[in-house]
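*Asks:* Following this line is input.txt, made up of compact mmCIF, C-alpha atoms:
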# COMPACT_ATOMS: atom_id res chain seq x y z
CA MET W 2 -3.45 -50.12 43.79
CA SER W 3 -4.12 -46.97 45.59
CA GLU W 4 -7.51 -45.44 45.75
CA LEU W 5 -8.07 -41.94 44.51
CA GLY W 6 -9.98 -39.56 46.67
CA LEU W 7 -12.48 -36.98 45.63
CA ALA W 8 -9.83 -34.24 45.77
CA GLU W 9 -7.59 -36.11 43.30
CA TYR W 10 -10.47 -36.49 40.84
CA PHE W 11 -11.16 -32.76 41.05
CA GLY W 12 -7.46 -32.06 40.53
CA MET W 13 -7.35 -34.24 37.39
CA ALA W 14 -10.59 -32.66 36.08
CA GLU W 15 -9.10 -29.20 36.67
CA ALA W 16 -5.91 -30.15 34.76
CA LEU W 17 -7.97 -31.57 31.88
CA GLY W 18 -10.12 -28.42 31.85
CA ILE W 19 -7.03 -26.21 31.64
CA ILE W 20 -5.55 -28.31 28.82
CA GLY W 21 -8.88 -28.27 26.94
CA THR W 22 -9.10 -24.51 27.35
CA LEU W 23 -5.59 -24.10 25.91
CA PHE W 24 -6.55 -26.18 22.87
CA VAL W 25 -9.68 -24.07 22.31
CA ILE W 26 -7.63 -20.86 22.61
CA LEU W 27 -5.03 -22.20 20.19
CA TYR W 28 -7.70 -23.18 17.66
CA PHE W 29 -9.42 -19.79 17.69
CA SER W 30 -6.18 -17.83 17.68
CA ARG W 31 -5.11 -19.73 14.54
CA LYS W 32 -8.44 -18.88 12.87
CA GLN W 33 -7.96 -15.24 13.87
CA MET W 34 -4.43 -15.20 12.40
CA GLN W 35 -5.69 -16.68 9.13
CA SER W 36 -8.41 -14.04 9.00
CA LEU W 37 -5.85 -11.30 9.66
CA SER W 38 -3.69 -12.64 6.85
CA VAL W 39 -6.59 -12.48 4.38
CA ASP W 40 -7.49 -8.98 5.63
CA LEU W 41 -3.90 -7.81 5.15
CA GLN W 42 -3.71 -9.28 1.64
CA THR W 43 -7.02 -7.63 0.77
CA LYS W 44 -5.77 -4.28 2.09
CA VAL W 45 -2.61 -4.54 -0.01
CA LEU W 46 -4.67 -5.45 -3.07
CA ASN W 47 -6.99 -2.47 -2.42
CA ASP W 48 -4.00 -0.13 -2.04
CA LEU W 49 -2.59 -1.30 -5.36
CA ASP W 50 -6.00 -0.95 -6.95
CA GLU W 51 -6.20 2.67 -5.75
CA LYS W 52 -2.89 3.38 -7.49
CA VAL W 53 -4.10 1.80 -10.73
CA HIS W 54 -7.35 3.74 -10.36
CA LYS W 55 -5.45 7.04 -10.10
CA MET W 56 -3.24 6.11 -13.06
CA VAL W 57 -6.26 5.27 -15.20
CA GLU W 58 -7.97 8.53 -14.20
CA ILE W 59 -4.95 10.39 -15.57
CA ILE W 60 -4.99 8.34 -18.77
CA VAL W 61 -8.73 8.87 -19.28
CA GLU W 62 -8.23 12.62 -18.87
CA LYS W 63 -5.17 12.64 -21.16
CA PRO W 64 -5.15 9.60 -23.49
CA SER W 65 -1.71 10.56 -24.80
CA MET W 66 -0.31 9.50 -21.39
CA GLN W 67 -0.96 5.87 -22.41
CA LYS W 68 2.31 6.03 -24.32
CA VAL W 69 4.22 6.05 -21.03
CA ILE W 70 3.22 2.45 -20.30
CA TYR W 71 2.27 1.25 -23.78
CA ASN W 72 3.40 3.00 -26.92
CA ILE W 73 0.43 2.79 -29.26
CA GLU W 74 0.06 4.92 -32.36
CA ASN W 75 -3.42 6.29 -31.72
CA PRO W 76 -4.29 6.34 -28.03
CA SER W 77 -8.02 6.72 -27.58
CA GLU W 78 -10.33 7.67 -24.75
CA GLU W 79 -12.43 4.58 -25.46
CA LEU W 80 -9.47 2.22 -25.07
CA SER W 81 -8.42 4.00 -21.87
CA PHE W 82 -11.90 3.63 -20.44
CA ALA W 83 -12.04 -0.04 -21.50
CA TYR W 84 -8.89 -0.67 -19.46
CA TYR W 85 -10.47 1.14 -16.54
CA VAL W 86 -13.63 -0.98 -16.68
CA LEU W 87 -11.56 -4.17 -16.95
CA PHE W 88 -9.39 -3.22 -13.98
CA ILE W 89 -12.58 -2.70 -11.95
CA CYS W 90 -13.86 -6.11 -13.07
CA SER W 91 -10.50 -7.68 -12.28
CA HIS W 92 -10.57 -6.20 -8.79
CA ALA W 93 -14.11 -7.47 -8.18
CA TYR W 94 -12.99 -10.92 -9.38
CA ALA W 95 -10.00 -10.84 -6.99
CA MET W 96 -12.26 -9.85 -4.08
CA ARG W 97 -14.57 -12.77 -4.92
CA GLN W 98 -11.60 -15.15 -4.99
CA ARG W 99 -10.63 -13.91 -1.51
CA LYS W 100 -14.23 -14.39 -0.34
CA VAL W 101 -14.67 -10.69 0.44
CA LEU W 102 -17.76 -10.43 -1.78
CA ASN W 103 -20.75 -12.52 -0.72
CA ASP W 104 -22.94 -14.41 -3.19
CA ASP W 105 -25.45 -11.58 -3.67
CA GLU W 106 -22.75 -8.97 -4.25
CA TRP W 107 -20.93 -11.26 -6.66
CA THR W 108 -24.15 -11.99 -8.59
CA GLY W 109 -24.59 -8.24 -9.09
CA TRP W 110 -21.00 -7.78 -10.28
CA LEU W 111 -21.25 -10.79 -12.56
CA GLN W 112 -24.38 -9.42 -14.22
CA TRP W 113 -22.79 -5.97 -14.55
CA MET W 114 -19.74 -7.50 -16.28
CA ARG W 115 -21.89 -9.56 -18.64
CA ASN W 116 -23.94 -6.48 -19.53
CA CYS W 117 -20.79 -4.44 -20.26
CA PHE W 118 -19.65 -7.06 -22.74
CA LYS W 119 -23.11 -7.69 -24.17
CA TYR W 120 -24.39 -4.14 -24.67
CA GLY W 121 -21.22 -2.06 -25.01
CA THR W 122 -18.07 -2.13 -27.10
CA LEU W 123 -16.02 -3.75 -24.34
CA GLY W 124 -16.07 -7.09 -26.17
CA GLU W 125 -14.36 -5.50 -29.15
CA GLN W 126 -11.78 -3.81 -26.94
CA TRP W 127 -11.27 -7.10 -25.05
CA LYS W 128 -9.81 -8.78 -28.14
CA GLN W 129 -6.94 -6.28 -28.23
CA ILE W 130 -6.48 -5.97 -24.48
CA GLN W 131 -6.46 -9.74 -23.93
CA SER W 132 -3.78 -10.29 -26.56
CA GLU W 133 -1.53 -7.78 -24.78
CA ARG W 134 -1.66 -9.72 -21.46
CA TRP W 135 -2.09 -6.71 -19.15
CA LEU W 136 -4.45 -8.52 -16.80
CA ASN W 137 -4.19 -11.53 -14.50
CA THR W 138 -4.26 -14.84 -16.41
CA ASN W 139 -6.95 -16.30 -14.12
CA PHE W 140 -9.11 -13.24 -14.70
CA GLN W 141 -8.63 -13.50 -18.47
CA ASN W 142 -9.66 -17.16 -18.36
CA PHE W 143 -12.70 -16.20 -16.27
CA ILE W 144 -13.75 -13.55 -18.82
CA ASN W 145 -13.32 -15.98 -21.72
CA LYS W 146 -15.19 -18.84 -20.03
CA GLU W 147 -17.86 -17.12 -17.94
CA ILE W 148 -18.49 -13.69 -19.43
CA ILE W 149 -17.99 -14.15 -23.18
CA PRO W 150 -18.04 -17.92 -23.68
CA GLU W 151 -17.66 -19.60 -27.03
CA PRO W 152 -20.87 -19.77 -29.09
CA GLY W 153 -22.97 -22.76 -28.12
CA SER W 154 -21.73 -22.97 -24.54
CA ARG W 155 -23.73 -21.61 -21.63
CA PRO W 156 -22.14 -19.35 -18.96
CA THR W 157 -22.41 -20.42 -15.33
CA ASP W 158 -22.35 -18.43 -12.11
CA SER W 159 -19.05 -18.66 -10.25
Rewrite the coordinates I just gave you, this time as structure tokens.
*Replies:*
Amino acid sequence: MSELGLAEYFGMAEALGIIGTLFVILYFSRKQMQSLSVDLQTKVLNDLDEKVHKMVEIIVEKPSMQKVIYNIENPSEELSFAYYVLFICSHAYAMRQRKVLNDDEWTGWLQWMRNCFKYGTLGEQWKQIQSERWLNTNFQNFINKEIIPEPGSRPTDS
């Protein structure tokens, strides 16, 4: 066997250091790419939400415009506004699912949603809106289980 000198040990340590550095760079670049992907998805979702927001503004101003997307006999301002509130809640729910909202922010939104259903007429409007399937199925399940649960069950924080 040949003996390795001090220079060879330094050479091997340098090679291992370079390889280790490459692995660290690869790891963090993958994390950065995943973060960018979530950011891009969130931006797209926000852009779509802005379009829905503008559409609902028009419908709240002119309830008769509801007939363009859903031909109901008596369009009302209250129903238009109920859709608007639910789209806001749905967007907050989507941002929580994407981990954009932290726990404190989500707790505030959760309480706001519960209060809308508890103290306003949104619960009554929800029965009609839910049956029409305008909103995301996961969001509808969330509303039914966490916001307006069946009598006798206790809501939990998500």
*Asks:* Quick one: of W:Tyr94, W:Phe29, W:Phe24, W:Trp127, who's nearest to Thr108 in chain W, counting all atoms listed in the file?
*Replies:* W:Tyr94
*Asks:* What does the structure give for the distance between CA of Asn75 in chain W and CA of Lys128 in chain W, in Å to one decimal?
*Replies:*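 Between CA of Asn75 in chain W and CA of Lys128 in chain W the gap works out to 16.8 Å.
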*Asks:* As a PyMOL selection string, please: the residues near Glu106 in chain W (cut-off 10 Å, only C-alpha atoms, same-chain neighbours under 4 positions excluded).
*Replies:* chain W and resi 93+97+101-102+110-111
*Asks:* Mind checking which residues fall within 12 Å of Gln98 in chain W, counting only C-alpha atoms, ignoring those fewer than 4 positions away in the same chain, and posting them as a VMD selection string?
*Replies:* chain W and resid 39 42 to 43 91 to 94 102 to 104 107 139 to 140 143 159
*Asks:* Quick check, in Å to one decimal: how far apart do CA of Asn116 in chain W and CA of Ile130 in chain W lie?
*Replies:*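 Here the two named atoms are 18.2 Å from each other.
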*Asks:* Figure out the distance between CA of Leu80 in chain W and CA of Arg115 in chain W, please, to one decimal in Å.
*Replies:* 18.3 Å
*Asks:* Using only C-alpha atoms, which of the listed residues (W:Glu74, W:Glu125, W:Cys90, W:Ser38) sits closest to Gly109 in chain W?
*Replies:* W:Cys90
*Asks:* Please provide as a VMD selection string all residues within 12 Å of Ile59 in chain W, with the sequence filter that same-chain residues fewer than 6 positions apart are discarded (counting all atoms listed in the file).
*Replies:* chain W and resid 52 to 53 65 to 67 69 78 81 to 82 85
*Asks:* Pick the closest to Leu123 in chain W from W:Glu9, W:Glu58, W:Glu79, W:Glu15: which is it, counting all atoms listed in the file?
*Replies:*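 Looking only at the distances to Leu123 in chain W, the closest residue turns out to be W:Glu79.
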